file run.cif (mmCIF, C-alpha atoms)
data_data
loop_
_atom_site.label_atom_id
_atom_site.label_comp_id
_atom_site.auth_asym_id
_atom_site.auth_seq_id
_atom_site.Cartn_x
_atom_site.Cartn_y
_atom_site.Cartn_z
CA MET T 1 88.98 114.74 121.17
CA THR T 2 88.92 111.04 122.08
CA THR T 3 87.95 109.16 125.26
CA PRO T 4 90.64 107.34 127.28
CA VAL T 5 90.60 103.57 127.47
CA ASP T 6 89.63 103.59 131.17
CA GLY T 7 86.30 105.22 130.29
CA SER T 8 86.97 108.58 131.94
CA LYS T 9 85.91 111.76 130.20
CA ALA T 10 89.20 113.60 130.44
CA PRO T 11 89.95 115.04 126.97
CA VAL T 12 92.88 113.71 125.03
CA GLN T 13 94.34 115.76 122.18
CA ASP T 14 94.23 114.24 118.70
CA THR T 15 96.91 116.56 117.41
CA VAL T 16 100.62 116.01 117.79
CA PRO T 17 101.81 117.93 120.85
CA GLU T 18 104.22 120.75 120.28
CA ALA T 19 107.79 120.23 121.32
CA THR T 20 109.57 122.48 123.72
CA ASN T 21 110.74 124.77 120.96
CA GLY T 22 107.15 125.37 119.91
CA SER T 23 107.41 123.95 116.38
CA ALA T 24 109.85 121.06 116.13
CA ALA T 25 107.07 118.45 116.33
CA LEU T 26 105.25 119.97 113.37
CA PRO T 27 105.78 118.68 109.81
CA ALA T 28 108.47 120.64 107.97
CA ASP T 29 106.07 122.12 105.39
CA LEU T 30 103.70 123.29 108.13
CA GLN T 31 106.59 124.89 109.98
CA ASP T 32 107.50 126.80 106.82
CA GLU T 33 103.91 127.94 106.27
CA ARG T 34 103.56 129.27 109.81
CA LEU T 35 106.95 130.95 109.63
CA ILE T 36 106.01 132.78 106.44
CA ALA T 37 102.57 133.69 107.74
CA SER T 38 103.95 135.18 110.96
CA HIS T 39 107.15 136.84 109.73
CA GLY T 40 106.48 137.61 106.07
CA PHE T 41 109.55 138.09 103.89
CA SER T 42 112.05 137.41 106.67
CA GLY T 43 110.15 134.22 107.47
CA ALA T 44 110.30 133.15 103.83
CA VAL T 45 114.05 133.71 103.82
CA SER T 46 114.43 131.68 107.01
CA ALA T 47 112.28 128.86 105.60
CA PHE T 48 114.28 128.88 102.36
CA THR T 49 117.65 128.70 104.11
CA ALA T 50 116.32 125.95 106.39
CA ARG T 51 115.31 123.91 103.33
CA LEU T 52 118.75 124.36 101.80
CA ARG T 53 120.47 123.24 105.03
CA THR T 54 118.35 120.10 105.17
CA GLY T 55 118.98 119.11 101.54
CA ASP T 56 115.71 120.35 100.00
CA LEU T 57 117.53 122.17 97.19
CA GLY T 58 114.75 122.38 94.62
CA SER T 59 115.84 124.17 91.44
CA VAL T 60 118.68 126.09 93.08
CA PRO T 61 121.57 123.91 91.75
CA VAL T 62 120.38 124.00 88.14
CA VAL T 63 119.72 127.76 88.22
CA VAL T 64 123.18 128.40 89.66
CA GLY T 65 124.67 126.03 87.10
CA LEU T 66 122.87 127.77 84.24
CA ILE T 67 124.15 131.17 85.38
CA ILE T 68 127.71 129.81 85.55
CA ILE T 69 127.42 128.21 82.09
CA TRP T 70 126.11 131.42 80.56
CA ALA T 71 128.81 133.50 82.26
CA VAL T 72 131.60 131.23 81.04
CA PHE T 73 130.36 131.20 77.44
CA GLN T 74 129.73 134.97 77.44
CA ILE T 75 133.29 135.58 78.63
CA SER T 76 134.58 133.18 75.96
CA ASN T 77 132.41 134.64 73.18
CA SER T 78 130.59 137.95 73.53
CA ASN T 79 127.94 136.83 71.04
CA PHE T 80 126.55 134.13 73.31
CA LEU T 81 124.10 136.36 75.18
CA SER T 82 123.26 138.44 72.13
CA SER T 83 119.60 138.71 71.18
CA ARG T 84 120.14 136.79 67.95
CA ASN T 85 121.87 133.84 69.60
CA LEU T 86 119.34 133.64 72.44
CA VAL T 87 116.50 133.50 69.91
CA ASN T 88 118.33 130.61 68.24
CA LEU T 89 118.76 128.98 71.65
CA THR T 90 115.01 129.08 72.32
CA LEU T 91 114.34 127.45 68.96
CA GLN T 92 116.91 124.73 69.61
CA THR T 93 115.57 124.09 73.11
CA THR T 94 111.92 123.55 72.25
CA SER T 95 111.86 120.06 70.71
CA VAL T 96 114.22 118.54 73.29
CA GLY T 97 112.30 120.30 76.06
CA VAL T 98 108.93 118.94 74.94
CA ILE T 99 110.33 115.40 74.91
CA ALA T 100 111.86 116.02 78.35
CA ILE T 101 108.42 116.85 79.80
CA GLY T 102 107.41 113.25 79.18
CA ILE T 103 110.64 111.99 80.73
CA VAL T 104 109.89 114.04 83.85
CA LEU T 105 106.55 112.25 84.21
CA VAL T 106 108.02 108.74 84.01
CA LEU T 107 110.85 109.69 86.36
CA LEU T 108 108.28 110.85 88.89
CA LEU T 109 107.15 107.21 88.97
CA GLY T 110 110.73 106.03 89.36
CA GLU T 111 110.64 104.54 85.85
CA ILE T 112 112.41 105.38 82.57
CA ASP T 113 111.67 105.55 78.86
CA LEU T 114 114.71 104.92 76.65
CA SER T 115 112.77 105.03 73.39
CA VAL T 116 111.66 108.68 73.25
CA GLY T 117 114.21 109.46 70.54
CA SER T 118 113.02 106.62 68.31
CA VAL T 119 109.36 107.52 68.92
CA SER T 120 110.02 111.15 68.01
CA GLY T 121 111.82 110.08 64.82
CA LEU T 122 109.00 107.70 63.87
CA ALA T 123 106.39 110.44 64.37
CA ALA T 124 108.45 112.78 62.17
CA ALA T 125 108.69 110.05 59.51
CA VAL T 126 104.91 109.58 59.56
CA LEU T 127 104.48 113.34 59.14
CA GLY T 128 106.86 113.45 56.18
CA VAL T 129 105.51 110.42 54.34
CA THR T 130 101.81 111.16 54.81
CA PHE T 131 102.08 114.91 54.17
CA VAL T 132 104.67 115.01 51.40
CA ASN T 133 104.31 111.66 49.63
CA GLU T 134 100.69 110.76 50.28
CA GLY T 135 99.26 114.27 50.10
CA TRP T 136 97.32 114.13 53.38
CA PRO T 137 96.08 117.40 54.86
CA LEU T 138 98.67 118.77 57.26
CA ILE T 139 96.39 118.57 60.27
CA LEU T 140 95.71 114.86 59.67
CA SER T 141 99.42 114.13 59.33
CA LEU T 142 100.14 115.93 62.60
CA ILE T 143 97.34 114.09 64.38
CA ALA T 144 98.57 110.76 62.97
CA GLY T 145 102.05 111.39 64.37
CA ALA T 146 100.77 112.40 67.81
CA VAL T 147 98.26 109.53 68.01
CA LEU T 148 101.01 107.09 67.07
CA GLY T 149 102.96 108.26 70.12
CA LEU T 150 99.87 107.82 72.29
CA VAL T 151 99.34 104.25 71.03
CA ILE T 152 102.98 103.36 71.67
CA GLY T 153 102.74 104.65 75.24
CA LEU T 154 99.55 102.68 75.86
CA PHE T 155 101.34 99.59 74.57
CA TYR T 156 104.21 100.17 77.00
CA GLY T 157 101.83 100.69 79.90
CA ALA T 158 99.84 97.56 79.07
CA LEU T 159 103.00 95.44 78.95
CA TYR T 160 104.21 96.89 82.22
CA ASN T 161 100.90 96.33 84.00
CA ARG T 162 100.15 92.90 82.55
CA PHE T 163 103.52 91.19 82.71
CA GLY T 164 105.57 93.34 85.06
CA VAL T 165 108.40 93.71 82.54
CA PRO T 166 110.78 96.45 83.73
CA SER T 167 110.32 99.73 81.88
CA PHE T 168 114.05 99.74 81.08
CA VAL T 169 113.65 96.53 79.05
CA ILE T 170 110.34 97.48 77.43
CA THR T 171 111.56 100.84 76.22
CA LEU T 172 114.98 99.54 75.21
CA ALA T 173 113.17 97.10 72.92
CA GLY T 174 111.04 100.01 71.73
CA LEU T 175 114.16 102.04 70.95
CA LEU T 176 115.37 99.36 68.56
CA GLY T 177 112.00 98.34 67.19
CA PHE T 178 110.68 101.81 66.40
CA LEU T 179 114.00 102.86 64.93
CA GLY T 180 113.62 99.97 62.49
CA LEU T 181 110.00 100.96 61.81
CA GLN T 182 111.11 104.53 61.12
CA LEU T 183 113.57 103.27 58.47
CA LEU T 184 110.82 101.11 56.98
CA VAL T 185 108.36 104.02 56.80
CA LEU T 186 110.90 106.29 55.11
CA GLY T 187 111.76 103.59 52.59
CA LYS T 188 114.60 103.75 50.10
CA GLU T 189 114.56 107.54 49.81
CA GLY T 190 115.54 107.88 53.45
CA SER T 191 115.01 111.65 53.43
CA LEU T 192 112.10 114.00 52.78
CA ASN T 193 112.00 117.79 52.69
CA LEU T 194 108.94 119.46 54.15
CA PRO T 195 107.45 122.28 52.04
CA PHE T 196 109.03 125.51 53.23
CA ASP T 197 105.77 127.39 52.79
CA SER T 198 103.75 124.90 54.85
CA ALA T 199 102.05 126.08 58.04
CA ILE T 200 104.03 123.78 60.33
CA VAL T 201 107.39 124.96 58.98
CA GLY T 202 106.28 128.57 59.20
CA PHE T 203 105.20 128.04 62.80
CA ALA T 204 108.52 126.48 63.76
CA THR T 205 110.88 128.83 61.90
CA ARG T 206 109.19 132.15 61.09
CA SER T 207 106.43 132.71 63.64
CA PHE T 208 107.33 135.20 66.37
CA LEU T 209 105.20 137.23 68.75
CA SER T 210 105.01 140.97 68.27
CA PRO T 211 106.61 142.98 71.12
CA ALA T 212 103.19 144.21 72.27
CA LEU T 213 101.77 140.69 72.36
CA ALA T 214 104.83 139.35 74.20
CA TYR T 215 104.61 142.02 76.91
CA GLY T 216 100.86 141.49 77.08
CA LEU T 217 101.35 137.77 77.76
CA VAL T 218 103.78 138.61 80.55
CA ALA T 219 101.18 140.89 82.11
CA VAL T 220 98.52 138.19 81.83
CA VAL T 221 100.74 135.54 83.42
CA VAL T 222 101.64 137.81 86.35
CA ALA T 223 98.00 138.85 86.82
CA VAL T 224 96.82 135.23 86.82
CA TYR T 225 99.52 134.36 89.36
CA VAL T 226 98.48 137.19 91.68
CA LEU T 227 94.78 136.36 91.44
CA THR T 228 95.45 132.67 92.04
CA ARG T 229 97.62 133.33 95.09
CA LEU T 230 95.12 135.82 96.54
CA ARG T 231 92.30 133.34 96.06
CA ALA T 232 94.31 130.57 97.73
CA ARG T 233 95.23 132.94 100.57
CA GLY T 234 91.58 133.84 101.10
CA ALA T 235 90.53 130.20 101.14
CA ARG T 236 93.21 129.31 103.70
CA ALA T 237 92.34 132.26 105.91
CA ALA T 238 88.64 131.37 105.79
CA ALA T 239 89.51 127.82 106.87
CA GLY T 240 91.55 129.11 109.81
CA LEU T 241 94.87 128.02 108.30
CA SER T 242 98.12 129.95 108.09
CA ALA T 243 98.32 132.16 105.01
CA ALA T 244 101.15 134.13 103.44
CA PRO T 245 100.84 137.91 103.81
CA THR T 246 99.88 139.98 100.78
CA SER T 247 103.28 141.65 100.87
CA MET T 248 104.88 138.26 100.23
CA ILE T 249 102.58 137.68 97.25
CA ALA T 250 103.52 141.12 95.91
CA ILE T 251 107.24 140.37 96.22
CA LYS T 252 106.88 137.04 94.42
CA ALA T 253 104.77 138.66 91.69
CA GLY T 254 107.43 141.31 91.18
CA ALA T 255 110.14 138.67 90.95
CA LEU T 256 108.08 136.71 88.43
CA ALA T 257 107.52 139.84 86.33
CA LEU T 258 111.26 140.54 86.33
CA VAL T 259 112.13 136.96 85.37
CA LEU T 260 109.73 137.14 82.43
CA LEU T 261 110.30 140.73 81.28
CA VAL T 262 114.09 140.61 81.00
CA PRO T 263 114.19 137.63 78.55
CA VAL T 264 111.34 139.12 76.51
CA LEU T 265 113.17 142.44 76.32
CA VAL T 266 116.36 140.75 75.14
CA LEU T 267 114.61 138.49 72.61
CA ASN T 268 112.71 141.46 71.19
CA GLY T 269 116.10 142.92 70.30
CA ASP T 270 116.16 140.43 67.42
CA ARG T 271 113.21 138.46 65.97
CA GLY T 272 111.29 138.25 69.21
CA VAL T 273 109.74 135.41 71.20
CA SER T 274 109.18 132.31 69.07
CA SER T 275 105.62 130.98 68.89
CA MET T 276 107.05 127.47 69.12
CA PHE T 277 108.85 128.34 72.36
CA VAL T 278 105.62 129.82 73.73
CA LEU T 279 103.93 126.49 72.94
CA PHE T 280 106.66 124.71 74.91
CA LEU T 281 106.17 127.04 77.87
CA ALA T 282 102.41 126.48 77.72
CA LEU T 283 102.93 122.70 77.79
CA VAL T 284 105.27 123.07 80.78
CA MET T 285 102.75 125.18 82.71
CA ALA T 286 99.85 122.87 81.84
CA THR T 287 101.83 119.81 82.94
CA ASP T 288 102.91 121.54 86.14
CA PHE T 289 99.28 122.38 86.90
CA ALA T 290 98.27 118.78 86.25
CA ILE T 291 100.98 117.49 88.59
CA ARG T 292 100.33 119.89 91.46
CA LYS T 293 96.62 120.66 91.28
CA THR T 294 94.81 117.59 89.97
CA ARG T 295 93.96 114.28 91.54
CA TRP T 296 95.85 112.51 88.77
CA GLY T 297 99.02 114.49 89.46
CA ARG T 298 98.86 113.87 93.20
CA SER T 299 98.39 110.18 92.46
CA VAL T 300 101.49 110.21 90.23
CA MET T 301 103.56 111.72 93.04
CA ALA T 302 102.13 109.23 95.55
CA VAL T 303 102.91 106.23 93.35
CA GLY T 304 106.42 107.52 92.73
CA GLY T 305 106.96 108.07 96.45
CA ASN T 306 105.70 104.66 97.60
CA VAL T 307 103.74 102.47 95.22
CA GLU T 308 102.49 100.06 97.89
CA ALA T 309 101.26 102.86 100.13
CA ALA T 310 99.51 104.42 97.13
CA ARG T 311 97.82 101.13 96.32
CA ARG T 312 96.64 100.72 99.90
CA ALA T 313 95.29 104.28 99.81
CA GLY T 314 92.98 103.30 96.97
CA ILE T 315 94.87 104.80 94.03
CA ASN T 316 94.45 102.97 90.73
CA VAL T 317 98.16 102.27 90.27
CA ARG T 318 97.70 100.45 86.95
CA PHE T 319 95.91 103.44 85.44
CA ILE T 320 98.62 105.81 86.65
CA TYR T 321 101.36 103.76 84.98
CA LEU T 322 99.31 103.42 81.79
CA SER T 323 98.52 107.13 81.57
CA VAL T 324 102.07 108.27 82.33
CA PHE T 325 103.67 106.01 79.72
CA ALA T 326 101.05 107.22 77.23
CA ALA T 327 101.76 110.87 78.06
CA CYS T 328 105.52 110.35 77.78
CA SER T 329 105.34 108.83 74.30
CA THR T 330 102.86 111.48 73.17
CA PHE T 331 105.22 114.25 74.26
CA ALA T 332 108.03 112.43 72.44
CA ALA T 333 105.97 112.34 69.24
CA VAL T 334 105.06 116.04 69.50
CA GLY T 335 108.72 116.89 70.09
CA GLY T 336 109.65 114.92 66.98
CA LEU T 337 107.07 116.79 64.89
CA LEU T 338 108.43 120.15 66.08
CA ALA T 339 112.03 119.08 65.42
CA ALA T 340 111.15 118.04 61.86
CA ALA T 341 109.38 121.35 61.27
CA ARG T 342 112.34 123.37 62.55
CA LEU T 343 114.82 121.44 60.40
CA VAL T 344 112.38 121.48 57.43
CA ALA T 345 113.24 117.84 56.77
CA VAL T 346 112.77 114.26 57.90
CA ASN T 347 115.44 111.61 57.43
CA GLN T 348 116.85 108.41 58.87
CA SER T 349 118.70 110.32 61.59
CA SER T 350 115.57 112.12 62.86
CA GLY T 351 115.25 111.41 66.58
CA GLY T 352 118.63 109.71 66.52
CA GLY T 353 122.04 110.89 67.59
CA ASP T 354 121.87 112.47 71.02
CA THR T 355 118.13 113.29 71.03
CA ASN T 356 117.31 110.45 73.40
CA LEU T 357 120.12 111.13 75.83
CA ASN T 358 119.61 114.91 75.75
CA ALA T 359 115.96 114.57 76.72
CA ILE T 360 116.70 112.22 79.60
CA ALA T 361 119.66 114.30 80.75
CA ALA T 362 117.55 117.46 80.61
CA ALA T 363 114.94 116.00 82.95
CA VAL T 364 117.56 114.80 85.43
CA ILE T 365 119.75 117.90 85.29
CA GLY T 366 116.63 120.04 85.69
CA GLY T 367 116.05 118.55 89.14
CA THR T 368 113.76 115.54 88.71
CA SER T 369 114.82 112.78 91.07
CA LEU T 370 115.78 109.40 89.66
CA PHE T 371 114.33 107.86 92.82
CA GLY T 372 110.78 108.95 92.00
CA GLY T 373 108.26 111.15 93.77
CA ARG T 374 110.15 114.47 93.45
CA GLY T 375 110.32 116.80 90.51
CA SER T 376 108.50 119.41 88.47
CA ALA T 377 107.54 120.05 84.87
CA TYR T 378 109.81 123.08 85.07
CA SER T 379 112.70 120.62 85.33
CA ALA T 380 112.24 120.02 81.60
CA LEU T 381 112.56 123.74 80.88
CA LEU T 382 115.61 124.33 83.05
CA GLY T 383 117.35 121.11 82.07
CA ALA T 384 116.76 121.65 78.35
CA LEU T 385 118.17 125.18 78.64
CA VAL T 386 121.30 123.79 80.32
CA ILE T 387 121.80 121.05 77.73
CA MET T 388 121.21 123.26 74.71
CA SER T 389 123.24 126.13 76.19
CA ILE T 390 126.22 123.80 76.37
CA SER T 391 125.67 122.67 72.79
CA ASN T 392 125.12 126.21 71.52
CA GLY T 393 128.05 127.69 73.40
CA LEU T 394 130.52 125.05 72.29
CA ALA T 395 129.36 125.50 68.70
CA LEU T 396 130.10 129.24 68.97
CA LEU T 397 133.57 128.35 70.21
CA SER T 398 134.02 126.00 67.20
CA LEU T 399 134.56 122.97 69.42
CA ASP T 400 133.43 119.62 68.06
CA SER T 401 130.83 117.26 69.46
CA SER T 402 133.37 115.20 71.39
CA VAL T 403 133.84 118.04 73.87
CA ARG T 404 130.07 118.58 74.11
CA TYR T 405 129.48 114.93 74.99
CA MET T 406 132.12 115.02 77.72
CA VAL T 407 130.88 118.30 79.20
CA THR T 408 127.28 117.11 79.17
CA ALA T 409 128.33 113.85 80.83
CA GLY T 410 130.09 115.77 83.58
CA VAL T 411 127.10 118.03 84.21
CA LEU T 412 124.77 115.01 84.31
CA LEU T 413 127.01 113.18 86.78
CA VAL T 414 127.15 116.24 89.05
CA ALA T 415 123.35 116.60 88.92
CA VAL T 416 122.75 112.98 89.87
CA THR T 417 125.32 113.18 92.66
CA ILE T 418 123.66 116.29 94.09
CA ASP T 419 120.27 114.56 93.90
CA SER T 420 121.58 111.52 95.76
CA LEU T 421 123.29 113.57 98.49
CA SER T 422 120.30 115.88 98.97
CA ARG T 423 118.01 112.86 99.23
CA ARG T 424 120.12 111.47 102.06
CA SER T 425 120.09 114.85 103.78
CA ARG T 426 116.31 115.17 103.47
CA GLN T 427 115.84 111.71 104.96
CA ALA T 428 118.13 112.58 107.85
CA HIS T 429 116.15 115.77 108.56
CA GLY T 430 112.68 114.31 108.05
CA ARG T 431 111.96 116.13 104.78
CA ALA T 432 112.08 113.11 102.46
#
call {"tool": "encode", "arguments": {"input": "run.cif", "output": "structure tokens"}}
result
Amino acid sequence: MTTPVDGSKAPVQDTVPEATNGSAALPADLQDERLIASHGFSGAVSAFTARLRTGDLGSVPVVVGLIIIWAVFQISNSNFLSSRNLVNLTLQTTSVGVIAIGIVLVLLLGEIDLSVGSVSGLAAAVLGVTFVNEGWPLILSLIAGAVLGLVIGLFYGALYNRFGVPSFVITLAGLLGFLGLQLLVLGKEGSLNLPFDSAIVGFATRSFLSPALAYGLVAVVVAVYVLTRLRARGARAAAGLSAAPTSMIAIKAGALALVLLVPVLVLNGDRGVSSMFVLFLALVMATDFAIRKTRWGRSVMAVGGNVEAARRAGINVRFIYLSVFAACSTFAAVGGLLAAARLVAVNQSSGGGDTNLNAIAAAVIGGTSLFGGRGSAYSALLGALVIMSISNGLALLSLDSSVRYMVTAGVLLVAVTIDSLSRRSRQAHGRA
């Protein structure tokens, strides 16, 4: 309580008074929490539909789009959803998805990196030359490629912080410059084959989880989710805050188990779950944890939402930009290393073609806002699945790349349009 200006002792509430409807004056997220805590599953449904009506769509559009894409291709070719083709799809998705994780991070700041394709190709070239031609130990070649990406990102961040050059210009220059450096590193040969019996190639092409291990990982993930949610619920209840009922946690855990078990069951019908795809999923989950649960991640979201407000709140904005650019280029380098291992070769086209555009499109299509401050690491997973599903499905239908480019362009345009319209709706309803 506070004391009135006239010096009297009548108490004055610090909290925002409730409106006549009992909740309209509360922030939208707090309204949702209280609704779920008081009404359980029906409250969660009401909160979800309310978010949809106000433009807070989350991952709903991309999930619906992915279902439609899969249905269309399955009707057109019954092999699309076969175990064998879906295993191939996970392998194809991984490298683009890893690069897209970095794009998600820079988009959260409202920035862009146009050079991720060139950086991934340069990292692959370093791997090929040092491992095959120079005879370096594999682990040193992999570290050299990843560290190169880190150094490039630090260079971008330093330029951005020191001179204020737009990220579009910095990374466009990087796209051209590192493409030239890639050609220089490869030299006259222009192409190198990685040893088929090397550990990195085996990991990318022949390493699959056993069915027992795959199901065990699903059980571990679900158990960790339940324990985490119960712990958070206990902490909120102890603090006197609204907390979701245990029945709601059980329903979500069951849904998560179903979402994980069905793909594992289908993939086990062929070679199983790829170790490389598991690595991608682990990177997605680790990045999501960093964004949502760490001080660094909250600072990234704050800077992307309003950089001046973040600066006034005491956030080291320069460090955030530096670290995000560094992370983006590192993810690009790792994605390039995985792509080279899957293709068992490095050449002048590594990281070229549509690698750059696919990674950026994946992040945007997956639900990361181009306006900054909204998005999730899972956007990289969902968006990469959409992009590579289109590519894979059109290949099964024997349609050339011209159709794929046009379809991908259309999907990207729809995703950006939905993002723009939902942003306006959120602003109008106070959920921006």
call {"tool": "closest_residue", "arguments": {"input": "run.cif", "among": "T:Phe131, T:Tyr378, T:Phe277, T:Phe168", "to": "Ala345 in chain T", "atoms": "all atoms listed in the file"}}
result
T:Phe131
call {"tool": "residues_around", "arguments": {"input": "run.cif", "residues": "range 383-386 of chain T", "least_positions_apart": "3", "cutoff": "10 Å", "atoms": "all atoms listed in the file", "output": "PDB file with C-alpha atoms, in the coordinates of the input"}}
result
ATOM      1  CA  SER T  59     115.840 124.170  91.440  1.00  0.00           C
ATOM      2  CA  VAL T  62     120.380 124.000  88.140  1.00  0.00           C
ATOM      3  CA  VAL T  63     119.720 127.760  88.220  1.00  0.00           C
ATOM      4  CA  GLY T  65     124.670 126.030  87.100  1.00  0.00           C
ATOM      5  CA  LEU T  66     122.870 127.770  84.240  1.00  0.00           C
ATOM      6  CA  ILE T  67     124.150 131.170  85.380  1.00  0.00           C
ATOM      7  CA  ILE T  69     127.420 128.210  82.090  1.00  0.00           C
ATOM      8  CA  TRP T  70     126.110 131.420  80.560  1.00  0.00           C
ATOM      9  CA  LEU T  89     118.760 128.980  71.650  1.00  0.00           C
ATOM     10  CA  THR T  90     115.010 129.080  72.320  1.00  0.00           C
ATOM     11  CA  GLN T  92     116.910 124.730  69.610  1.00  0.00           C
ATOM     12  CA  THR T  93     115.570 124.090  73.110  1.00  0.00           C
ATOM     13  CA  THR T  94     111.920 123.550  72.250  1.00  0.00           C
ATOM     14  CA  SER T  95     111.860 120.060  70.710  1.00  0.00           C
ATOM     15  CA  VAL T  96     114.220 118.540  73.290  1.00  0.00           C
ATOM     16  CA  GLY T  97     112.300 120.300  76.060  1.00  0.00           C
ATOM     17  CA  VAL T  98     108.930 118.940  74.940  1.00  0.00           C
ATOM     18  CA  ILE T  99     110.330 115.400  74.910  1.00  0.00           C
ATOM     19  CA  ALA T 100     111.860 116.020  78.350  1.00  0.00           C
ATOM     20  CA  ILE T 101     108.420 116.850  79.800  1.00  0.00           C
ATOM     21  CA  ASN T 358     119.610 114.910  75.750  1.00  0.00           C
ATOM     22  CA  ALA T 359     115.960 114.570  76.720  1.00  0.00           C
ATOM     23  CA  ILE T 360     116.700 112.220  79.600  1.00  0.00           C
ATOM     24  CA  ALA T 361     119.660 114.300  80.750  1.00  0.00           C
ATOM     25  CA  ALA T 362     117.550 117.460  80.610  1.00  0.00           C
ATOM     26  CA  ALA T 363     114.940 116.000  82.950  1.00  0.00           C
ATOM     27  CA  VAL T 364     117.560 114.800  85.430  1.00  0.00           C
ATOM     28  CA  ILE T 365     119.750 117.900  85.290  1.00  0.00           C
ATOM     29  CA  GLY T 366     116.630 120.040  85.690  1.00  0.00           C
ATOM     30  CA  GLY T 367     116.050 118.550  89.140  1.00  0.00           C
ATOM     31  CA  THR T 368     113.760 115.540  88.710  1.00  0.00           C
ATOM     32  CA  TYR T 378     109.810 123.080  85.070  1.00  0.00           C
ATOM     33  CA  SER T 379     112.700 120.620  85.330  1.00  0.00           C
ATOM     34  CA  ALA T 380     112.240 120.020  81.600  1.00  0.00           C
ATOM     35  CA  SER T 389     123.240 126.130  76.190  1.00  0.00           C
ATOM     36  CA  ILE T 390     126.220 123.800  76.370  1.00  0.00           C
ATOM     37  CA  SER T 391     125.670 122.670  72.790  1.00  0.00           C
ATOM     38  CA  ASN T 392     125.120 126.210  71.520  1.00  0.00           C
ATOM     39  CA  THR T 408     127.280 117.110  79.170  1.00  0.00           C
ATOM     40  CA  VAL T 411     127.100 118.030  84.210  1.00  0.00           C
ATOM     41  CA  LEU T 412     124.770 115.010  84.310  1.00  0.00           C
TER      42      LEU T 412
END
call {"tool": "resolve_selection", "arguments": {"input": "run.cif", "expression": "the PyMOL selection byres ((chain T and resi 371) around 12)", "output": "ChimeraX atom specification"}}
result
/T:104,106-112,301,303-306,364,367-370,372-375,416,419-420,422-424,432
call {"tool": "residues_around", "arguments": {"input": "run.cif", "residues": "Thr171 in chain T", "least_positions_apart": "5", "cutoff": "7 Å", "atoms": "all atoms listed in the file", "output": "list in words"}}
result
Asp113, Leu114 and Ser115 of chain T
call {"tool": "residues_around", "arguments": {"input": "run.cif", "residues": "range 195-199 of chain T", "least_positions_apart": "2", "cutoff": "9 Å", "atoms": "all atoms listed in the file", "output": "ChimeraX atom specification"}}
result
/T:132,138,193,201-204,344-345
call {"tool": "atom_distance", "arguments": {"input": "run.cif", "atom1": "CA of Asp270 in chain T", "atom2": "CA of Ala214 in chain T"}}
result
13.2 Å
call {"tool": "closest_residue", "arguments": {"input": "run.cif", "among": "T:Leu421, T:Val262, T:Ile103, T:Leu176", "to": "Tyr215 in chain T", "atoms": "all atoms listed in the file"}}
result
T:Val262
